[in-house]
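Note sheet for the following structure.
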Amino acid sequence: MTDSTATLSFNDGSPAVTLPVLPGTIGPEVVDIRPLYAKTGRFTYDPGFLSTAACTSTITYIDGDKGELLYRGYPIEQLAVHCDFLEVCYLLLQGELPTADQKKEFVNTVTQHTMVHEQMSAFFRGFRRDSHPMAMLVGVVGSLSAFYHDSLDITDPHHRHVSAIRLIAKLPTLVAMCHKYTMGQPFVYPRNELYYTANFMRMMFSVPCEEYKVNDVLVRALDRIFILHADHEQNASTSTVRLAGSSGAYPFACIAAGIACLWGPAHGGANEAALNMLEQIGDVSKIGEFIKQAKDKNSGVKLMGFGHRVYKNYDPRAKLMREACHAVLEELGLHDDRLFKLAMALEKIALEDEYFVQRKLYPNVDFYSGIVQRAVGIPVSLFTAIFVLARTVGWIAQWNEMISDPEQKIGRPRQLYTGARRRDVKPLAQR
Ligand code: SDX
């Protein structure tokens, strides 16, 4: 505990209240307002939670001013270079990077869970072929609760671990099934001899008529994209997973709730929106006009892939994403890619514009990810589903941390009521 305190006084004569100030390992301290309502009959007011810490966590740390992102204390820049996605999954779940033996066992366990129940393919036949992949994914991930009754005791750490492994292992298979279904091509089963991300690319792009050749440069780039999206503190979709989980809901249903939230264009849907924005701008000569609209509040236009609630400096993931973009375009001989050049021109112009500088609006993780994914061959409508695939490990690690917390309670925020005072119902004839 701490002897640091904050005192809140009122100018209406109500008694002042003294509250503990709690320190973290690094980053902002918190004023512990848990006793506030009982002591003062007042709530705090913070729509959008700009100044609210909803929990304690040991998983991810972000310093928005420094542009720093740590997973379990390790900088994202080092993890993206020295690790692969399954090592990062192990780190987020267990708190430490795996040894060679631990990694071998973890990779084998995940590999053994990559197939989905054969009946799940029946769900897809209920969807229109032109359904948005996120609409399908919300449905099929939520339905996993209907298949795995053997691991639904969330108070049992082993059940929680099995559910985490199943989700990490099956999301690539389910995302690839969404893609194949919209293409009208047969579903492709996972292959156990392939590494996780290569397996995913084969399920996405192989066809029964020919052997699929794995391109290691593209696999590495996509694997890095997964690492960059794996977790991000208490963002909107992670908070959704935690809130759903706080009622004791099954983990698959909680992840489905996170998928629904991530779909929004202000959140994970921004990568799809950013690429559509680049297509809409079309040419460097049109950038000025677009920027003018993005600065006009009444236009309803935003520079998608720019800005962030926490990062008031460059999103460290955007820098790494731009590097991955460069590597992929070089590998594919697309260094003159029209959209990549347009994106870099747009970024340069925006970062020299007072409106964006003054508001500390920099490219975020979504600005370049769409260009890389399009170059790899992923359709625009599937970009956010790729984000889901990668973020599932962060969601389930945060869910597990919450369920394991002896202090956790069901989340139930209050409100500032501004509606009608108590009044009596008049019979219909008198209204
Ligand atoms: C993700 O939280 C996370 O960690 C999320 C994420 C994760 O990994 O989980 O990082 C993933 O969601 C990244 C963000 C992707 N979204 C976008 O790229 C959509 C475009 N960005 C904006 O919608 C916005 O920047 C948000 C939603 C990201 C942040 O919104 P905030 O923190 O509520 O900030 P705000 O909307 O209050 O903006 C502050 C000012 C406003 O102008 P003023 O009222 O001060 O005059 O900046 C303006 C905004 O109008 N502004 C923009 C802008 N973003 C903010 N103006 C033009 N274009 C933009 N992109």
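If you're wondering about the labels, chains in the structure tokens are A, B, ... by order shown, residues count from 1 in each chain, ligands from 1 in order shown.
Contact shell of Ile227 in chain A at 10 Å (only C-alpha atoms; same-chain neighbours under 4 positions omitted): Ile76, Leu79, Ala80, Val81, Cys83, Asp84, Phe85, Leu86, Glu87, Val88, Cys89, Ala221, Leu222, Asp223, Asp231, Arg317, Ala390 and Arg391 of chain A.
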Keeping only C-alpha atoms, write those residues as a tab-separated table (two decimals), in the first residue's frame.
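Just written: part32.tsv:
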```
chain	number	residue	atom	x	y	z
A	76	ILE	CA	7.71	-4.02	-29.08
A	79	LEU	CA	9.95	-8.45	-29.83
A	80	ALA	CA	9.13	-7.72	-33.49
A	81	VAL	CA	12.75	-8.40	-34.48
A	83	CYS	CA	10.62	-13.26	-31.66
A	84	ASP	CA	7.87	-14.91	-33.66
A	85	PHE	CA	4.16	-14.57	-32.93
A	86	LEU	CA	3.81	-17.80	-30.94
A	87	GLU	CA	6.69	-16.77	-28.66
A	88	VAL	CA	4.83	-13.50	-28.05
A	89	CYS	CA	1.61	-15.46	-27.40
A	221	ALA	CA	5.96	-9.84	-42.52
A	222	LEU	CA	2.52	-11.19	-41.59
A	223	ASP	CA	3.93	-12.76	-38.42
A	231	ASP	CA	-2.23	-6.59	-27.21
A	317	ARG	CA	3.80	0.01	-34.24
A	390	ALA	CA	-3.73	-11.28	-33.73
A	391	ARG	CA	-5.55	-9.56	-30.85
```
If you run DSSP over the backbone, which residues in range 142-383 of chain A end up alpha helix (DSSP H)? Put them as JSON, numbers by chain. {"A": [142, 157, 158, 159, 160, 161, 162, 163, 164, 165, 166, 167, 168, 169, 170, 171, 172, 173, 174, 175, 176, 177, 178, 179, 180, 181, 182, 183, 196, 197, 198, 199, 200, 201, 202, 203, 204, 205, 216, 217, 218, 219, 220, 221, 222, 223, 224, 225, 226, 227, 228, 229, 236, 237, 238, 239, 240, 241, 242, 243, 244, 245, 251, 252, 253, 254, 255, 256, 257, 258, 259, 260, 261, 262, 270, 271, 272, 273, 274, 275, 276, 277, 278, 279, 280, 281, 287, 288, 289, 290, 291, 292, 293, 294, 295, 316, 317, 318, 319, 320, 321, 322, 323, 324, 325, 326, 327, 328, 329, 330, 331, 338, 339, 340, 341, 342, 343, 344, 345, 346, 347, 348, 349, 350, 351, 354, 355, 356, 357, 358, 365, 366, 367, 368, 369, 370, 371, 372, 373, 374, 375, 376, 383]}
Using only C-alpha atoms for the distances, tell me which of A:Glu193, A:Asn199, A:Asn235, A:Ala260 is nearest to Ala169 in chain A.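 Closest candidate: A:Asn199.
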Using only C-alpha atoms, can you tell me which of A:Leu97, A:Val141, A:Leu69, A:Ala135 comes closest to Leu171 in chain A? A:Val141
Using only C-alpha atoms, which residue out of A:Ala236, A:Val241, A:Leu346, A:Leu329 lies closest to Lys286 in chain A? A:Leu346
